[in-house]
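Novice: Quick one, work.txt (compact mmCIF, C-alpha atoms):
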```
# COMPACT_ATOMS: atom_id res chain seq x y z
CA MET A 1 151.20 38.58 -100.44
CA LEU A 2 150.59 41.78 -98.50
CA ASP A 3 148.15 43.00 -101.15
CA ALA A 4 146.06 39.89 -100.75
CA MET A 5 145.98 40.37 -96.99
CA ILE A 6 144.97 44.04 -97.20
CA TYR A 7 142.27 43.23 -99.76
CA ALA A 8 140.91 40.53 -97.50
CA LEU A 9 140.94 42.39 -94.21
CA PRO A 10 137.47 44.01 -94.31
CA PHE A 11 135.88 40.65 -95.19
CA LEU A 12 137.79 38.91 -92.44
CA LEU A 13 136.77 41.49 -89.86
CA GLU A 14 133.11 40.87 -90.72
CA GLY A 15 133.72 37.17 -90.26
CA LEU A 16 135.62 37.76 -87.06
CA TRP A 17 132.59 39.59 -85.66
CA ILE A 18 130.43 36.49 -86.22
CA THR A 19 133.14 34.29 -84.67
CA VAL A 20 133.14 36.54 -81.61
CA VAL A 21 129.33 36.56 -81.38
CA VAL A 22 129.13 32.77 -81.69
CA SER A 23 131.88 32.35 -79.09
CA ILE A 24 130.32 34.79 -76.62
CA LEU A 25 126.86 33.21 -76.95
CA THR A 26 128.32 29.73 -76.55
CA VAL A 27 130.44 30.64 -73.57
CA SER A 28 127.78 32.59 -71.69
CA ILE A 29 124.86 30.19 -72.24
CA SER A 30 127.03 27.19 -71.42
CA LEU A 31 128.30 28.89 -68.27
CA VAL A 32 124.78 29.27 -66.88
CA ALA A 33 123.63 25.82 -67.98
CA GLY A 34 126.88 24.16 -66.94
CA LEU A 35 126.88 25.72 -63.46
CA ALA A 36 123.28 24.61 -62.88
CA LEU A 37 123.85 21.09 -64.20
CA GLY A 38 127.23 20.86 -62.48
CA CYS A 39 125.62 21.63 -59.11
CA ALA A 40 122.93 19.07 -59.97
CA LEU A 41 125.68 16.53 -60.63
CA VAL A 42 127.34 17.17 -57.26
CA TYR A 43 124.36 17.81 -54.98
CA GLY A 44 121.29 16.55 -56.87
CA PRO A 45 119.27 13.41 -56.15
CA LEU A 46 120.52 10.20 -57.70
CA PRO A 47 118.26 10.06 -60.80
CA LEU A 48 119.17 13.65 -61.69
CA ARG A 49 122.88 12.94 -61.13
CA LEU A 50 122.61 9.94 -63.40
CA LEU A 51 120.92 11.97 -66.16
CA VAL A 52 123.54 14.72 -66.01
CA ARG A 53 126.35 12.14 -66.03
CA ILE A 54 124.88 10.45 -69.11
CA PHE A 55 124.39 13.80 -70.85
CA SER A 56 127.96 14.93 -70.14
CA ASP A 57 129.62 11.63 -71.04
CA THR A 58 127.64 11.27 -74.26
CA ILE A 59 128.22 14.81 -75.49
CA ARG A 60 131.92 14.70 -74.67
CA GLY A 61 132.26 11.38 -76.49
CA ILE A 62 131.08 12.79 -79.82
CA PRO A 63 133.34 14.86 -82.10
CA ILE A 64 132.13 18.50 -82.15
CA LEU A 65 131.91 18.37 -85.92
CA VAL A 66 129.50 15.44 -85.79
CA LEU A 67 127.50 17.17 -83.06
CA ILE A 68 127.16 20.27 -85.24
CA PHE A 69 125.91 18.27 -88.23
CA PHE A 70 123.67 16.24 -86.00
CA VAL A 71 121.96 19.31 -84.53
CA TYR A 72 121.69 21.09 -87.86
CA TYR A 73 120.33 18.18 -89.91
CA GLY A 74 118.86 15.96 -87.23
CA PHE A 75 116.87 18.32 -85.01
CA PRO A 76 114.54 19.56 -87.81
CA ALA A 77 113.50 15.95 -88.34
CA ILE A 78 112.11 15.83 -84.80
CA GLY A 79 110.37 19.16 -85.26
CA ILE A 80 112.94 21.59 -83.87
CA ASP A 81 113.72 23.92 -86.71
CA PHE A 82 116.42 26.56 -86.69
CA ASP A 83 118.75 28.29 -89.12
CA SER A 84 122.40 27.39 -89.44
CA PHE A 85 123.54 30.13 -87.03
CA TRP A 86 121.41 28.91 -84.13
CA ALA A 87 122.08 25.28 -84.95
CA ALA A 88 125.80 26.02 -84.69
CA VAL A 89 125.39 27.92 -81.43
CA THR A 90 123.22 25.13 -79.99
CA ALA A 91 125.72 22.42 -80.88
CA LEU A 92 128.72 24.32 -79.55
CA THR A 93 126.78 25.24 -76.40
CA LEU A 94 125.84 21.61 -75.75
CA PHE A 95 129.49 20.63 -76.01
CA LYS A 96 130.71 23.49 -73.86
CA THR A 97 128.02 22.84 -71.23
CA ALA A 98 129.30 19.30 -70.81
CA GLN A 99 132.80 20.70 -70.27
CA VAL A 100 131.62 23.29 -67.73
CA ILE A 101 129.81 20.53 -65.82
CA GLU A 102 133.13 18.72 -65.45
CA TYR A 103 134.97 21.88 -64.38
CA VAL A 104 132.33 22.47 -61.69
CA ARG A 105 132.53 18.88 -60.49
CA GLY A 106 136.32 19.02 -60.37
CA ALA A 107 136.36 22.37 -58.59
CA VAL A 108 133.86 21.34 -55.91
CA ALA A 109 135.54 17.96 -55.44
CA SER A 110 138.86 19.73 -54.82
CA ILE A 111 137.51 21.39 -51.67
CA PRO A 112 138.51 19.27 -48.67
CA ARG A 113 135.61 17.58 -46.84
CA GLY A 114 136.70 19.23 -43.62
CA GLN A 115 135.58 22.59 -44.98
CA SER A 116 131.94 21.61 -45.32
CA GLU A 117 132.06 19.59 -42.10
CA ALA A 118 133.39 22.63 -40.27
CA ALA A 119 130.64 24.75 -41.81
CA MET A 120 128.10 22.18 -40.68
CA ALA A 121 129.56 22.20 -37.20
CA ILE A 122 129.10 25.95 -36.81
CA GLY A 123 125.48 25.50 -37.87
CA LEU A 124 125.36 26.88 -41.41
CA THR A 125 122.45 25.71 -43.54
CA PHE A 126 123.06 23.91 -46.85
CA SER A 127 122.66 27.05 -48.97
CA GLU A 128 124.82 29.10 -46.56
CA ARG A 129 127.51 26.44 -46.77
CA LEU A 130 127.46 26.60 -50.55
CA VAL A 131 127.41 30.36 -50.86
CA SER A 132 129.90 31.32 -48.16
CA VAL A 133 132.18 28.29 -47.87
CA ILE A 134 132.26 26.01 -50.91
CA PHE A 135 131.72 28.34 -53.87
CA PRO A 136 134.24 31.05 -52.95
CA GLN A 137 136.94 28.39 -52.71
CA ALA A 138 135.78 26.38 -55.70
CA LEU A 139 135.80 29.52 -57.85
CA ARG A 140 139.59 29.63 -57.74
CA ARG A 141 139.75 26.07 -59.01
CA PHE A 142 137.07 26.68 -61.60
CA LEU A 143 138.29 29.90 -63.19
CA PRO A 144 141.65 28.92 -64.77
CA PRO A 145 140.44 25.81 -66.63
CA TRP A 146 137.25 27.59 -67.62
CA ILE A 147 139.05 30.54 -69.19
CA ASN A 148 141.41 28.12 -70.88
CA GLY A 149 138.32 26.29 -72.15
CA VAL A 150 137.10 29.51 -73.76
CA THR A 151 139.91 29.03 -76.28
CA ASP A 152 138.31 25.67 -77.14
CA ALA A 153 135.05 27.49 -77.84
CA VAL A 154 136.78 29.97 -80.14
CA LYS A 155 138.63 27.16 -81.91
CA GLY A 156 135.47 25.05 -82.13
CA SER A 157 133.56 27.98 -83.59
CA ALA A 158 135.66 27.63 -86.76
CA LEU A 159 133.69 24.45 -87.48
CA VAL A 160 130.44 26.40 -87.91
CA SER A 161 131.78 27.56 -91.28
CA LEU A 162 130.82 24.08 -92.52
CA LEU A 163 127.15 24.97 -92.04
CA GLY A 164 127.64 28.11 -94.12
CA VAL A 165 127.74 30.49 -91.17
CA THR A 166 129.96 33.34 -92.37
CA ASP A 167 132.42 33.34 -89.49
CA LEU A 168 136.13 34.09 -89.78
CA MET A 169 136.95 30.65 -91.20
CA TYR A 170 134.19 30.97 -93.81
CA ALA A 171 135.25 34.50 -94.75
CA ILE A 172 138.81 33.28 -95.29
CA ASN A 173 137.62 30.52 -97.62
CA GLN A 174 135.35 32.97 -99.46
CA VAL A 175 138.21 35.36 -100.16
CA ILE A 176 140.41 32.47 -101.28
CA GLY A 177 137.62 31.41 -103.63
CA ARG A 178 137.97 34.80 -105.31
CA THR A 179 141.74 35.38 -105.21
CA TYR A 180 143.13 31.82 -105.30
CA GLU A 181 145.87 32.94 -102.94
CA ALA A 182 145.38 30.42 -100.18
CA MET A 183 148.58 30.61 -98.17
CA PRO A 184 148.64 34.31 -97.17
CA LEU A 185 144.99 34.17 -96.15
CA TYR A 186 145.28 31.02 -94.05
CA VAL A 187 148.35 32.42 -92.36
CA LEU A 188 146.54 35.69 -91.65
CA GLY A 189 143.55 33.76 -90.30
CA ALA A 190 145.81 31.64 -88.10
CA VAL A 191 147.39 34.80 -86.71
CA ILE A 192 144.00 36.30 -85.84
CA TYR A 193 142.84 33.13 -84.07
CA PHE A 194 146.20 32.89 -82.35
CA VAL A 195 146.06 36.42 -80.97
CA ILE A 196 142.61 35.85 -79.46
CA ASN A 197 143.37 32.43 -78.00
CA PHE A 198 146.87 33.18 -76.80
CA SER A 199 145.62 36.17 -74.82
CA LEU A 200 142.97 33.98 -73.23
CA SER A 201 145.35 31.16 -72.34
CA THR A 202 147.89 33.62 -70.96
CA LEU A 203 145.18 35.10 -68.76
CA SER A 204 144.25 31.60 -67.63
CA ARG A 205 147.83 30.76 -66.73
CA ARG A 206 148.22 34.00 -64.83
CA LEU A 207 145.09 33.33 -62.80
CA GLU A 208 146.26 29.81 -62.09
CA ARG A 209 149.52 31.13 -60.69
CA ARG A 210 147.64 33.78 -58.74
CA PHE A 211 145.39 31.14 -57.16
CA SER A 212 148.04 28.47 -56.73
CA PHE A 213 148.28 29.15 -52.99
CA VAL A 214 145.03 27.21 -52.58
CA GLN A 215 146.04 23.67 -51.68
CA ALA A 216 143.64 20.83 -52.16
CA MET B 1 106.92 16.25 -88.86
CA GLY B 2 106.15 12.86 -90.29
CA TYR B 3 109.78 11.72 -90.36
CA SER B 4 110.13 8.05 -89.69
CA LEU B 5 113.49 6.45 -89.18
CA ASN B 6 114.56 3.96 -91.79
CA PHE B 7 117.92 2.37 -91.19
CA SER B 8 117.84 -0.01 -94.15
CA VAL B 9 119.86 2.31 -96.41
CA VAL B 10 122.38 2.79 -93.63
CA TRP B 11 122.82 -0.96 -93.30
CA ARG B 12 123.11 -1.31 -97.07
CA ASN B 13 125.95 1.24 -97.07
CA PHE B 14 127.40 0.17 -93.76
CA ASP B 15 130.74 -0.61 -95.41
CA LYS B 16 131.22 3.16 -95.88
CA LEU B 17 130.83 3.73 -92.15
CA TRP B 18 132.81 0.68 -91.10
CA GLY B 19 135.66 1.49 -93.49
CA GLY B 20 135.48 5.07 -92.24
CA LEU B 21 135.74 3.99 -88.62
CA VAL B 22 138.77 1.82 -89.40
CA LEU B 23 140.43 4.71 -91.24
CA SER B 24 139.62 7.09 -88.36
CA LEU B 25 141.35 4.73 -85.96
CA GLU B 26 144.33 4.38 -88.27
CA LEU B 27 144.63 8.15 -88.63
CA ALA B 28 144.51 8.53 -84.84
CA VAL B 29 147.07 5.78 -84.22
CA VAL B 30 149.55 7.00 -86.83
CA SER B 31 149.21 10.62 -85.74
CA LEU B 32 149.63 9.66 -82.11
CA ALA B 33 152.76 7.66 -82.93
CA ILE B 34 154.36 10.50 -84.89
CA GLY B 35 153.13 13.02 -82.31
CA VAL B 36 154.72 10.99 -79.51
CA VAL B 37 158.06 11.01 -81.31
CA ILE B 38 157.86 14.78 -81.88
CA GLY B 39 156.71 15.35 -78.31
CA LEU B 40 159.37 13.12 -76.73
CA VAL B 41 162.27 14.59 -78.70
CA LEU B 42 161.19 18.19 -78.08
CA ALA B 43 160.44 17.56 -74.40
CA VAL B 44 163.93 16.14 -73.82
CA VAL B 45 165.46 19.00 -75.81
CA HIS B 46 163.36 21.50 -73.85
CA VAL B 47 164.38 20.16 -70.46
CA SER B 48 168.06 20.09 -71.30
CA GLY B 49 168.23 22.90 -73.85
CA GLY B 50 169.15 26.56 -73.57
CA ARG B 51 167.03 29.68 -73.60
CA PHE B 52 166.77 29.91 -77.37
CA THR B 53 165.65 26.32 -77.97
CA ARG B 54 163.07 26.65 -75.20
CA MET B 55 161.75 29.76 -76.88
CA ALA B 56 161.51 28.03 -80.27
CA ILE B 57 159.66 25.06 -78.78
CA ALA B 58 157.28 27.38 -76.94
CA VAL B 59 156.46 29.19 -80.19
CA TYR B 60 155.66 25.86 -81.88
CA VAL B 61 153.52 24.68 -78.97
CA GLU B 62 151.56 27.91 -78.60
CA ALA B 63 151.08 28.36 -82.35
CA PHE B 64 149.47 24.96 -82.77
CA ARG B 65 147.50 24.92 -79.55
CA ASN B 66 145.87 28.27 -80.21
CA THR B 67 144.77 27.76 -83.82
CA PRO B 68 141.66 25.81 -84.87
CA LEU B 69 142.49 22.36 -86.23
CA ILE B 70 140.23 22.90 -89.26
CA LEU B 71 142.27 25.98 -90.24
CA LEU B 72 145.51 24.01 -89.97
CA VAL B 73 144.00 21.22 -92.08
CA TYR B 74 143.05 23.70 -94.80
CA LEU B 75 146.39 25.47 -94.55
CA VAL B 76 148.42 22.31 -95.02
CA PHE B 77 146.22 20.85 -97.76
CA TYR B 78 145.35 23.93 -99.85
CA GLY B 79 147.87 26.57 -98.74
CA LEU B 80 151.20 24.81 -98.36
CA PRO B 81 151.43 23.33 -101.89
CA GLN B 82 151.26 26.91 -103.23
CA VAL B 83 154.52 27.87 -101.57
CA VAL B 84 156.52 24.64 -101.44
CA ASP B 85 156.98 22.22 -104.29
CA LEU B 86 155.35 19.20 -102.72
CA ARG B 87 152.52 16.93 -103.88
CA TYR B 88 150.58 14.87 -101.39
CA ASP B 89 147.12 13.35 -101.14
CA ALA B 90 144.49 14.39 -98.62
CA THR B 91 145.15 11.52 -96.21
CA THR B 92 148.88 12.17 -96.03
CA SER B 93 148.17 15.86 -95.62
CA PHE B 94 145.78 15.22 -92.74
CA VAL B 95 148.09 12.78 -90.96
CA ALA B 96 150.91 15.32 -91.18
CA THR B 97 148.66 18.05 -89.78
CA LEU B 98 147.23 15.97 -86.95
CA SER B 99 150.69 14.62 -86.01
CA VAL B 100 152.19 18.08 -85.67
CA TYR B 101 149.06 19.22 -83.83
CA ALA B 102 149.31 16.26 -81.46
CA GLY B 103 153.04 16.88 -81.02
CA ALA B 104 152.30 20.37 -79.70
CA TYR B 105 150.06 18.94 -76.97
CA LEU B 106 152.38 16.04 -76.18
CA VAL B 107 155.49 18.21 -75.70
CA GLU B 108 153.74 19.79 -72.73
CA VAL B 109 152.56 16.43 -71.41
CA PHE B 110 156.03 14.87 -71.59
CA ARG B 111 157.79 17.96 -70.31
CA SER B 112 155.68 18.11 -67.16
CA GLY B 113 156.16 14.34 -66.86
CA LEU B 114 159.94 14.68 -66.99
CA GLU B 115 159.81 17.45 -64.40
CA ALA B 116 157.61 15.35 -62.11
CA ILE B 117 160.20 12.58 -61.72
CA PRO B 118 161.47 12.56 -58.15
CA ARG B 119 164.96 14.07 -58.00
CA GLY B 120 166.16 11.07 -55.98
CA GLN B 121 165.70 8.66 -58.89
CA ILE B 122 168.01 10.66 -61.15
CA ASP B 123 170.52 11.11 -58.34
CA ALA B 124 170.39 7.38 -57.67
CA GLY B 125 171.09 6.75 -61.35
CA ARG B 126 174.08 9.04 -61.14
CA ALA B 127 175.28 7.38 -57.93
CA ILE B 128 175.42 3.93 -59.52
CA GLY B 129 177.47 5.41 -62.35
CA LEU B 130 175.03 5.64 -65.26
CA THR B 131 175.99 7.95 -68.11
CA PRO B 132 173.56 10.79 -68.98
CA ALA B 133 172.23 8.76 -71.94
CA GLN B 134 171.73 5.69 -69.76
CA ARG B 135 169.99 7.82 -67.15
CA LEU B 136 167.68 9.12 -69.87
CA PHE B 137 166.76 5.75 -71.34
CA HIS B 138 166.75 3.58 -68.22
CA VAL B 139 165.60 5.99 -65.54
CA ARG B 140 163.91 9.14 -66.76
CA LEU B 141 161.95 7.95 -69.81
CA PRO B 142 160.47 4.81 -68.19
CA ALA B 143 159.47 6.82 -65.13
CA MET B 144 158.04 9.57 -67.30
CA ILE B 145 155.97 7.20 -69.45
CA ARG B 146 154.29 5.84 -66.31
CA ILE B 147 153.51 9.32 -65.05
CA THR B 148 152.14 10.52 -68.38
CA LEU B 149 150.14 7.43 -69.35
CA PRO B 150 146.72 8.83 -68.31
CA ALA B 151 147.35 12.09 -70.21
CA LEU B 152 148.57 10.07 -73.18
CA SER B 153 145.39 8.01 -73.38
CA ASN B 154 143.25 11.14 -73.11
CA THR B 155 145.21 12.63 -76.00
CA PHE B 156 144.65 9.48 -78.01
CA ILE B 157 140.88 9.65 -77.51
CA SER B 158 140.71 13.32 -78.43
CA LEU B 159 142.81 12.65 -81.53
CA PHE B 160 140.33 9.94 -82.48
CA LYS B 161 137.53 12.50 -82.23
CA ASP B 162 139.60 15.10 -84.09
CA THR B 163 139.91 12.77 -87.09
CA SER B 164 136.33 13.81 -87.96
CA VAL B 165 137.79 17.10 -89.22
CA ALA B 166 139.51 15.14 -92.01
CA SER B 167 136.12 14.95 -93.73
CA VAL B 168 136.49 18.59 -94.83
CA ILE B 169 139.26 17.58 -97.24
CA ALA B 170 137.35 14.43 -98.26
CA VAL B 171 139.43 11.87 -96.39
CA PRO B 172 137.00 8.92 -96.31
CA GLU B 173 136.83 8.50 -92.53
CA LEU B 174 133.72 7.98 -90.39
CA THR B 175 132.19 11.47 -90.63
CA TRP B 176 132.79 11.48 -94.37
CA GLY B 177 131.04 8.10 -94.56
CA ALA B 178 127.99 9.60 -92.86
CA GLN B 179 128.09 12.52 -95.30
CA TRP B 180 128.34 10.11 -98.22
CA ILE B 181 125.24 8.24 -97.10
CA ASN B 182 123.44 11.55 -96.67
CA LEU B 183 124.35 12.79 -100.12
CA ASN B 184 123.37 9.54 -101.81
CA THR B 185 120.27 8.53 -99.87
CA PHE B 186 119.14 11.68 -97.98
CA ARG B 187 118.81 9.54 -94.85
CA ILE B 188 120.75 12.07 -92.86
CA VAL B 189 119.36 11.50 -89.37
CA GLU B 190 119.96 7.78 -89.57
CA ALA B 191 123.45 8.24 -91.01
CA TYR B 192 124.52 10.61 -88.25
CA LEU B 193 122.78 8.58 -85.51
CA MET B 194 124.77 5.57 -86.62
CA ALA B 195 128.04 7.49 -86.93
CA THR B 196 127.50 9.03 -83.50
CA ALA B 197 126.84 5.63 -81.96
CA MET B 198 130.01 4.30 -83.58
CA TYR B 199 132.12 7.20 -82.29
CA LEU B 200 130.70 6.75 -78.79
CA ALA B 201 131.09 2.99 -78.71
CA THR B 202 134.65 3.09 -80.04
CA GLY B 203 135.58 5.95 -77.72
CA TYR B 204 134.34 4.07 -74.67
CA VAL B 205 135.98 0.79 -75.65
CA MET B 206 139.23 2.74 -76.03
CA LEU B 207 138.72 4.52 -72.71
CA PHE B 208 138.08 1.35 -70.71
CA SER B 209 140.91 -0.63 -72.28
CA LEU B 210 143.34 2.26 -71.77
CA ARG B 211 142.27 2.54 -68.11
CA LEU B 212 143.14 -1.15 -67.71
CA VAL B 213 146.59 -0.53 -69.18
CA GLU B 214 147.03 2.47 -66.89
CA ARG B 215 146.14 0.41 -63.83
CA ARG B 216 148.72 -2.17 -64.83
CA PHE B 217 151.45 0.46 -65.02
CA ARG B 218 150.32 2.76 -62.25
CA VAL B 219 153.06 4.83 -60.63
CA GLY B 220 154.04 3.59 -57.20
CA ARG B 221 152.91 0.01 -57.84
CA ASN B 222 156.28 -0.94 -56.45
CA ALA B 223 158.34 1.87 -57.89
```
What is this file in C-alpha cells?
Specialist:
Amino acid sequence: MLDAMIYALPFLLEGLWITVVVSILTVSISLVAGLALGCALVYGPLPLRLLVRIFSDTIRGIPILVLIFFVYYGFPAIGIDFDSFWAAVTALTLFKTAQVIEYVRGAVASIPRGQSEAAMAIGLTFSERLVSVIFPQALRRFLPPWINGVTDAVKGSALVSLLGVTDLMYAINQVIGRTYEAMPLYVLGAVIYFVINFSLSTLSRRLERRFSFVQA
Amino acid sequence: MGYSLNFSVVWRNFDKLWGGLVLSLELAVVSLAIGVVIGLVLAVVHVSGGRFTRMAIAVYVEAFRNTPLILLVYLVFYGLPQVVDLRYDATTSFVATLSVYAGAYLVEVFRSGLEAIPRGQIDAGRAIGLTPAQRLFHVRLPAMIRITLPALSNTFISLFKDTSVASVIAVPELTWGAQWINLNTFRIVEAYLMATAMYLATGYVMLFSLRLVERRFRVGRNA
C-alpha cells in the first residue's frame, strides 16, 4: 500500500499544481467579478439589479458538473472556443461569482441602516459612505464565509478532471489506471484535499470568532 | 458557426431525461432520509456525549465536508470493494456515499439546532416531570426540527444538485441522460440546455414548496 503511494506521489504533485492553479484563478477572478456584481445588486439601478439577480439565481440553480459540461461543449457552438482548461476555469468562475455576489449582498445587508443614515447626516458623499463606513464593516461579515467558500472552489475543481484536465483527481485516476490499486490512491487523494480544505475552513472559523464582536 | 438548434432528437429521447430526473429526485430523497437519521443520531450523541465521542464525530464531519464528493464517489465505488468483501451496484454505492456525505452536513445543522433551543423549554419539561427521553422526543426534537427546517430544505436542494455527480459511475440520472443523448445523437447543446432547464425548474419548484412548508412551521408562530 505504501509502495503504491510513493510511486504515485510525483504524479499527484503535478496534478495538485493544476488543482491549485485552477482554484486560484477561479477564486481571484470570481472575487473581482463578484464584488463588482454584488455592489451592482445592492446599489445598482433596477434593470441592472434584476439582471444580476437572474444571473446569480440561474447559475446557483444548476449543478456545477452540468455547468462545466455546458460551458465546455455548449460555448463553442455559439462561437466561443476554448480548451478544456479554460472551459473548466470559466465554468467554476461563473459558479463562484454567483456565490460571491450573495456573500456581498449578505454582508452589506447586515450593516444596520443607522450606519449609512449617520454617515449621510454628517455629510459624506455616496462613495465616501461606501469606502469609509459600509465596506470596512461589511468586510468582517464577508471574509469568513468567503474563505469557507474557497474550500468549495477547491472541491469543485475536482470535477474538471471530467474534461480531461490533469488536476489532482485526474492524476489519481491515471495512476490507478496503471497500478489497479484504487483504495490507497483514493485515500491519499482524500488526505491531500482534506489538508488543503481543512486549513482553509479552520482559518475561516478563526476569523469568524475574531470578528464575532460585530453585532448586526 | 452555423450551428442551429434542433430539439427533435431531444424530444425523441426525452424518456432518458425524464427517467433521469425522477431517479435524481429519488437519489436525493433517499440520501436525505438516511442522512437525516445519521445526522439526528450523531447530533444527539454529540450534545450529550463525552469528549471522545465528540472528537470522533468531529473527525467524521470534517473528513466528509473537506473532501470533493466526486472523490468519495470513486472511493466508495472503485476503491472500497478492493478492501472489503462487498458487492454493490453503482446506484447503491452512490446512495451510500451521498447519505454519509449528507449526514456530515446535517450533524452540524441539527447540533446547532439543538443548542439553539431556549433553555427555558427544557427546564419547563423537567419541571412538569418529563423523563430525559420524553424531554428529547416531546420537547427538544420538535423544537429543533422547526429551527432547522430552512437549513434542511437548503440541504435537500443541494443534494438534488449533487446527484449529477452520480453520472461519473454511470448511474442513469439526469446528467447521465444528457450525456447519453450526446453520445448517441451528438446534439450536445440541446441535450444540456434541456437538462439545465429541468434542473432549474425542479430546483425552483422544490424551493418554493419548501418555503411554504417552512412558513407553516415557522418558529414563534405560537411557540
Novice: Starting from chain A, keep only residues with some atom at most 7 Å from an atom of chain B, counting all atoms listed in the file, and report them as a ChimeraX atom specification.
Specialist: /A:61-63,65-66,70,73-74,77-79,155-156,158-159,182-183,186,190,193-194,197-198
Novice: Please dump the current selection as an mmCIF file, in the frame of the given file; keep C-alpha atoms.
Specialist:
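The resulting out-v2.cif:
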```
data_model
loop_
_atom_site.group_PDB
_atom_site.id
_atom_site.type_symbol
_atom_site.label_atom_id
_atom_site.label_comp_id
_atom_site.auth_asym_id
_atom_site.auth_seq_id
_atom_site.Cartn_x
_atom_site.Cartn_y
_atom_site.Cartn_z
ATOM 1 C CA GLY A 61 132.260 11.380 -76.490
ATOM 2 C CA ILE A 62 131.080 12.790 -79.820
ATOM 3 C CA PRO A 63 133.340 14.860 -82.100
ATOM 4 C CA LEU A 65 131.910 18.370 -85.920
ATOM 5 C CA VAL A 66 129.500 15.440 -85.790
ATOM 6 C CA PHE A 70 123.670 16.240 -86.000
ATOM 7 C CA TYR A 73 120.330 18.180 -89.910
ATOM 8 C CA GLY A 74 118.860 15.960 -87.230
ATOM 9 C CA ALA A 77 113.500 15.950 -88.340
ATOM 10 C CA ILE A 78 112.110 15.830 -84.800
ATOM 11 C CA GLY A 79 110.370 19.160 -85.260
ATOM 12 C CA LYS A 155 138.630 27.160 -81.910
ATOM 13 C CA GLY A 156 135.470 25.050 -82.130
ATOM 14 C CA ALA A 158 135.660 27.630 -86.760
ATOM 15 C CA LEU A 159 133.690 24.450 -87.480
ATOM 16 C CA ALA A 182 145.380 30.420 -100.180
ATOM 17 C CA MET A 183 148.580 30.610 -98.170
ATOM 18 C CA TYR A 186 145.280 31.020 -94.050
ATOM 19 C CA ALA A 190 145.810 31.640 -88.100
ATOM 20 C CA TYR A 193 142.840 33.130 -84.070
ATOM 21 C CA PHE A 194 146.200 32.890 -82.350
ATOM 22 C CA ASN A 197 143.370 32.430 -78.000
ATOM 23 C CA PHE A 198 146.870 33.180 -76.800
#
```
Novice: Provide the atom CA of Gly35 of chain B to atom CA of Gly177 of chain B distance in Å, to one decimal place.
Specialist: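 Atom-to-atom, atom CA of Gly35 of chain B and atom CA of Gly177 of chain B are spaced 25.7 Å apart.
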Novice: Suppose you want the space between atom CA of Thr53 of chain B and atom CA of Leu200 of chain A; what is it in Å?
Specialist: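 Calculated distance between atom CA of Thr53 of chain B and atom CA of Leu200 of chain A is 24.4 Å.
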Novice: State, in Å with one decimal place, the distance from atom CA of Arg87 of chain B to atom CA of Pro172 of chain B.
Specialist: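 Atom-to-atom, atom CA of Arg87 of chain B to atom CA of Pro172 of chain B, that is 19.0 Å.
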Novice: When you look at Val41 of chain B with a cut-off of 12 Å (counting only C-alpha atoms), what residues show up, excluding the ones that are within fewer than 2 positions of it in the same chain? I need them as a PyMOL selection string.
Specialist: chain B and resi 34-39+43-49+57+103-104+106-108+110-111+114+136+141
Novice: Store the residues picked out above in a file with C-alpha atoms, as a PDB file, in the frame of the given file.
Specialist:
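out35.pdb, written as the output of this step:
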```
ATOM      1  CA  ILE B  34     154.360  10.500 -84.890  1.00  0.00           C
ATOM      2  CA  GLY B  35     153.130  13.020 -82.310  1.00  0.00           C
ATOM      3  CA  VAL B  36     154.720  10.990 -79.510  1.00  0.00           C
ATOM      4  CA  VAL B  37     158.060  11.010 -81.310  1.00  0.00           C
ATOM      5  CA  ILE B  38     157.860  14.780 -81.880  1.00  0.00           C
ATOM      6  CA  GLY B  39     156.710  15.350 -78.310  1.00  0.00           C
ATOM      7  CA  ALA B  43     160.440  17.560 -74.400  1.00  0.00           C
ATOM      8  CA  VAL B  44     163.930  16.140 -73.820  1.00  0.00           C
ATOM      9  CA  VAL B  45     165.460  19.000 -75.810  1.00  0.00           C
ATOM     10  CA  HIS B  46     163.360  21.500 -73.850  1.00  0.00           C
ATOM     11  CA  VAL B  47     164.380  20.160 -70.460  1.00  0.00           C
ATOM     12  CA  SER B  48     168.060  20.090 -71.300  1.00  0.00           C
ATOM     13  CA  GLY B  49     168.230  22.900 -73.850  1.00  0.00           C
ATOM     14  CA  ILE B  57     159.660  25.060 -78.780  1.00  0.00           C
ATOM     15  CA  GLY B 103     153.040  16.880 -81.020  1.00  0.00           C
ATOM     16  CA  ALA B 104     152.300  20.370 -79.700  1.00  0.00           C
ATOM     17  CA  LEU B 106     152.380  16.040 -76.180  1.00  0.00           C
ATOM     18  CA  VAL B 107     155.490  18.210 -75.700  1.00  0.00           C
ATOM     19  CA  GLU B 108     153.740  19.790 -72.730  1.00  0.00           C
ATOM     20  CA  PHE B 110     156.030  14.870 -71.590  1.00  0.00           C
ATOM     21  CA  ARG B 111     157.790  17.960 -70.310  1.00  0.00           C
ATOM     22  CA  LEU B 114     159.940  14.680 -66.990  1.00  0.00           C
ATOM     23  CA  LEU B 136     167.680   9.120 -69.870  1.00  0.00           C
ATOM     24  CA  LEU B 141     161.950   7.950 -69.810  1.00  0.00           C
TER      25      LEU B 141
END
```
Novice: When you look at segment 86-95 of chain A with a cut-off of 10 Å (counting all atoms listed in the file), what residues show up, excluding the ones that are within fewer than 3 positions of it in the same chain? I need them as a PyMOL selection string.
Specialist: chain A and resi 21-31+33-34+55-56+58-73+75-76+80-83+98-100+152-154+156-157+159-165
Novice: For segment 40-53 of chain A, please output as a ChimeraX atom specification all residues within 8 Å (counting all atoms listed in the file; exclusion window: fewer than 3 positions along the same chain).
Specialist: /A:36-37,56-57,101,105,108
Novice: So that I can see what lies close to Tyr103 of chain A, please list as a PyMOL selection string the residues with an atom at most 10 Å from it, counting only C-alpha atoms and leaving out residues fewer than 3 positions away in the same chain.
Specialist: chain A and resi 34-35+38+97-100+106-109+138+141-146+149
Novice: Neighbouring residues of His138 of chain B were defined as those with any atom within 12 Å, considering only C-alpha atoms; residues of the same chain fewer than 4 positions away were excluded. Please report them as a PyMOL selection string.
Specialist: chain B and resi 121-122+124-126+130-134+142-145
Novice: Of the candidates A:Val187, A:Ile111, A:Val20, A:Leu207, which one gets nearest to Asp167 of chain A if we count only C-alpha atoms?
Specialist: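 When distances to Asp167 of chain A are compared using only C-alpha atoms, the smallest one comes from A:Val20.
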Novice: Using only C-alpha atoms, which of the listed residues (B:Ser112, B:Ser8, B:Thr91, B:Ser31) sits closest to Ile169 of chain B?
Specialist: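 Using only C-alpha atoms, the shortest distance to Ile169 of chain B belongs to B:Thr91.
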